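Chemist: Quick one: this structure, given as structure tokens, is what I'll be asking you about.
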Amino acid sequence: MSTSHTQAFKDYEWLIKSTRIGMKSCGIWPDRQRPRWQKFFMNIQVMIITLWVINFVVLPSLRALIKVWGNMTLIIDNFTMLLPFSTAIFKLVVIWYKEEDVTNLFIELREDWIKLKTVKEREIMIRNGKISRTVTVFSYILILWVVVTHYTPFWIAGIIPRTHNNITDGERALPMQTIYFHNVITNDKNFQLTGIAQAISSLVAGSSYTTVDCVFGTLILHISGQLEILKSRIENMCNNYNDIIHDDPMYFKKILRDNMQIHQKLIRYAVHSAAYNSQWFNLKPREMSQLVMIIARAQKPLIITAGKFAPISLSTFASLTKTSAGYISMLFAVKS
């Protein structure tokens with residue numbers, strides 16, 4: 001039994017709804033059918049977000065970093081804001097610049113969802129889709145909660161979540177360690193407007209940071225589901241072989257060709273075990289040999305790389321965690 005085209009399209013809309021809202025809010029939702037004027041305004045939206053964060057956080061933080069250089073505590077306070085905001089802008093600009101590639105990825109995602117599939121395959125995709133939707137919604141709620149809890153003490157009681165110093169702050173201090181070109185300390189109106197600008201910067205930078213990660217997670221979970229479907233198809237393509245081969249002698253070749261064409265970019269280590277777990281012993285010797293191609297190709301894993309030079313894997317994560325822990329220990333030793 002297969003799912004209908006209408007139901008498949010509803011499933012796709014259900015999956016992509018929260019991701020689409022986040023990407024549209026950042027101006028990076030890929031859509032080839034939108035008019036030129038809409039594309040122009042979305043580009044302007046990305047530019048406004050980028051310039052806003054750079055003007056109110058990145059550049060003032062860099063000026064403050066130069067002033068506090070040599071004081072380890074103040075440098076760490078500076079980096080805790082400067083690095084995440086710079087990373088958020090970098091992510092946003094990269095996704096915006098790679099719009100064509102992102103568009104192609106979402107087209108393939110849509111095609112995988114709206115094509116006819118069995119009930120079992122739909123259940124696999126829905127299961128992974130629920131995970132991606134939950135993570136996406138929770139991430140946006142978390143960003144909003146962080147911004148509110150970060151700025152509420154400042155607006156109510158003037159409390160800032162960092163070390164107060166006389167180098168960058170003076171009598172009154174903003175939530176972020178910054179030095180602006182305009183007068184912030186003595187002018188009450190400028191002080192309040194700058195505080196609001198920092199809060200807006202935190203919200204838009206947090207949204208940009210989270211949106212890119214959620215898009216990445218959605219695509220990874222989708223690919224994982226497609227790999228699981230591929231594994232299931234390979235394991236079951238030899239079932240009832242002797243009965244079907246009498247009706248259609250080319251049945252096995254058709255099934256094998258379809259699986260290779262649809263999932264040729266998704267083969268990884270798990271696929272060769274799936275081929276072995278199938279009822280390959282019921283095949284003819286000539287058709288058994290055709291499975292060797294799948295097993296041989298599956299020896300090369302599907303991996304995600306950072307900048308096309310470092311694989312993103314559990315071992316890489318463990319290595320980075322170990323290195324980060326070493327740096328933190330060193331900083332604590334220097335501070336003490």
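Following the order of the structure tokens, chains are lettered A, B, ..., residues in each are numbered from 1, and ligands are numbered from 1.
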Within 10 Å of segment 22-33 of chain A, which residues of segment 76-138 of chain A show up? Give each one with its shortest atom-to-atom distance in Å (one decimal) and the two atoms involved, counting only C-alpha atoms, rows by chain then rising residue number, as CSV.

Modeler:
```
residue,atom,partner,partner_atom,distance
A:Leu92,CA,A:Ile28,CA,7.9
A:Val93,CA,A:Ile28,CA,9.2
A:Ile95,CA,A:Ile28,CA,7.0
A:Trp96,CA,A:Ile28,CA,5.6
A:Tyr97,CA,A:Ile28,CA,9.3
A:Lys98,CA,A:Ile28,CA,9.7
A:Glu99,CA,A:Pro30,CA,6.3
A:Glu100,CA,A:Pro30,CA,7.8
A:Asp101,CA,A:Pro30,CA,9.3
A:Val102,CA,A:Pro30,CA,6.8
A:Thr103,CA,A:Pro30,CA,5.1
A:Asn104,CA,A:Pro30,CA,8.8
A:Leu105,CA,A:Pro30,CA,9.7
A:Phe106,CA,A:Pro30,CA,7.9
A:Ile107,CA,A:Asp31,CA,9.4
A:Thr136,CA,A:Gly22,CA,9.0
A:Val137,CA,A:Gly22,CA,9.7
```

Chemist: Mind dumping the selected residues with N, CA and C atoms as a CSV table (one decimal), in the first residue's frame?

Modeler:
```
chain,number,residue,atom,x,y,z
A,92,LEU,N,24.7,33.1,8.2
A,92,LEU,CA,23.7,33.8,7.5
A,92,LEU,C,24.2,34.2,6.1
A,93,VAL,N,25.3,34.8,6.0
A,93,VAL,CA,25.9,35.2,4.7
A,93,VAL,C,26.2,34.0,3.8
A,95,ILE,N,24.8,31.0,3.8
A,95,ILE,CA,23.5,30.4,3.3
A,95,ILE,C,22.9,31.3,2.3
A,96,TRP,N,23.0,32.6,2.5
A,96,TRP,CA,22.4,33.5,1.5
A,96,TRP,C,23.2,33.4,0.2
A,97,TYR,N,24.5,33.4,0.3
A,97,TYR,CA,25.4,33.3,-0.9
A,97,TYR,C,25.2,32.0,-1.7
A,98,LYS,N,24.9,30.9,-0.9
A,98,LYS,CA,24.8,29.6,-1.5
A,98,LYS,C,23.3,29.3,-1.8
A,99,GLU,N,22.5,30.3,-2.1
A,99,GLU,CA,21.1,30.1,-2.3
A,99,GLU,C,20.8,29.0,-3.4
A,100,GLU,N,21.5,29.0,-4.5
A,100,GLU,CA,21.2,28.0,-5.5
A,100,GLU,C,21.4,26.6,-5.0
A,101,ASP,N,22.4,26.3,-4.2
A,101,ASP,CA,22.7,25.0,-3.7
A,101,ASP,C,21.6,24.6,-2.7
A,102,VAL,N,21.2,25.6,-1.8
A,102,VAL,CA,20.2,25.3,-0.8
A,102,VAL,C,18.9,25.1,-1.5
A,103,THR,N,18.6,25.8,-2.6
A,103,THR,CA,17.3,25.6,-3.4
A,103,THR,C,17.3,24.2,-3.9
A,104,ASN,N,18.4,23.7,-4.5
A,104,ASN,CA,18.4,22.3,-5.0
A,104,ASN,C,18.2,21.3,-3.9
A,105,LEU,N,18.8,21.5,-2.7
A,105,LEU,CA,18.6,20.6,-1.6
A,105,LEU,C,17.1,20.5,-1.2
A,106,PHE,N,16.4,21.7,-1.1
A,106,PHE,CA,15.0,21.6,-0.8
A,106,PHE,C,14.2,21.1,-1.9
A,107,ILE,N,14.6,21.2,-3.1
A,107,ILE,CA,13.8,20.6,-4.2
A,107,ILE,C,13.9,19.1,-4.1
A,136,THR,N,13.5,22.0,16.0
A,136,THR,CA,13.4,23.3,15.5
A,136,THR,C,12.6,24.2,16.4
A,137,VAL,N,11.4,23.7,16.8
A,137,VAL,CA,10.5,24.6,17.6
A,137,VAL,C,11.2,24.8,19.0
```

Chemist: List the neighbours of Val58 of chain A out to 8 Å using only C-alpha atoms; skip same-chain residues closer than 4 positions along the sequence, and give me the result as a PDB file with C-alpha atoms, in the first residue's frame.

Modeler:
```pdb
ATOM      1  CA  VAL A  53      24.535  43.142  14.077  1.00  0.00           C
ATOM      2  CA  ILE A  54      27.910  44.325  12.776  1.00  0.00           C
ATOM      3  CA  LEU A  62      36.214  44.615  18.517  1.00  0.00           C
ATOM      4  CA  LEU A  82      31.864  38.497  19.867  1.00  0.00           C
ATOM      5  CA  PHE A  85      27.522  36.972  16.925  1.00  0.00           C
ATOM      6  CA  SER A  86      30.290  36.789  14.317  1.00  0.00           C
TER       7      SER A  86
END
```

Chemist: In Å, rounded to a single decimal, give me how far atom CA of Asp11 of chain A is from atom CA of Leu116 of chain A.

Modeler: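 Straight-line distance from atom CA of Leu116 of chain A to atom CA of Asp11 of chain A works out to 11.9 Å.
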
Chemist: How many Å separate atom CA of Ser18 of chain A from atom CA of Gly217 of chain A?

Modeler: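 It comes out at 12.8 Å.
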
Chemist: Find the distance between atom CA of Phe56 of chain A and atom CA of Phe79 of chain A and write it in Å to one decimal.

Modeler: 15.3 Å

Chemist: Restricting the calculation to only C-alpha atoms, which member of A:Gly206, A:Ala157, A:Glu121, A:His164 is positioned closest to Ser232 of chain A?

Modeler: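 Closest to Ser232 of chain A of all the choices is A:Glu121.
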
Chemist: Taking the chain letters and numbering used in this document, name the residues of segment 25-222 of chain A that DSSP puts in alpha helix (DSSP H), as a VMD selection string.

Modeler: chain A and resid 25 to 26 36 to 53 59 to 68 72 to 97 99 to 114 119 to 157 188 to 222

Chemist: Do you know which residues are at most 10 Å from Thr73 of chain A counting only C-alpha atoms, after dropping those on the same chain fewer than 6 positions away, and could you put them as a VMD selection string?

Modeler: chain A and resid 162 to 163 331 to 332 334 to 335

Chemist: Taking 6 positions as the minimum chain separation for residues in the same chain, which residues sit within 10 Å of Asp112 of chain A when counting only C-alpha atoms? Answer as a ChimeraX atom specification.

Modeler: /A:8,12,106,125,222-223,226,262

Chemist: Those same residues, written as a compact mmCIF listing (two decimals), in the first residue's frame with C-alpha atoms?

Modeler:
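Saved result, again.txt, follows:
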```
# COMPACT_ATOMS: atom_id res chain seq x y z
CA ALA A 8 2.46 13.14 0.74
CA TYR A 12 5.93 17.73 3.35
CA PHE A 106 15.04 21.65 -0.76
CA MET A 125 10.10 9.68 7.29
CA HIS A 222 15.93 13.41 6.17
CA ILE A 223 19.00 11.75 4.67
CA GLN A 226 16.30 7.84 3.18
CA ILE A 262 16.94 6.87 -6.49
```
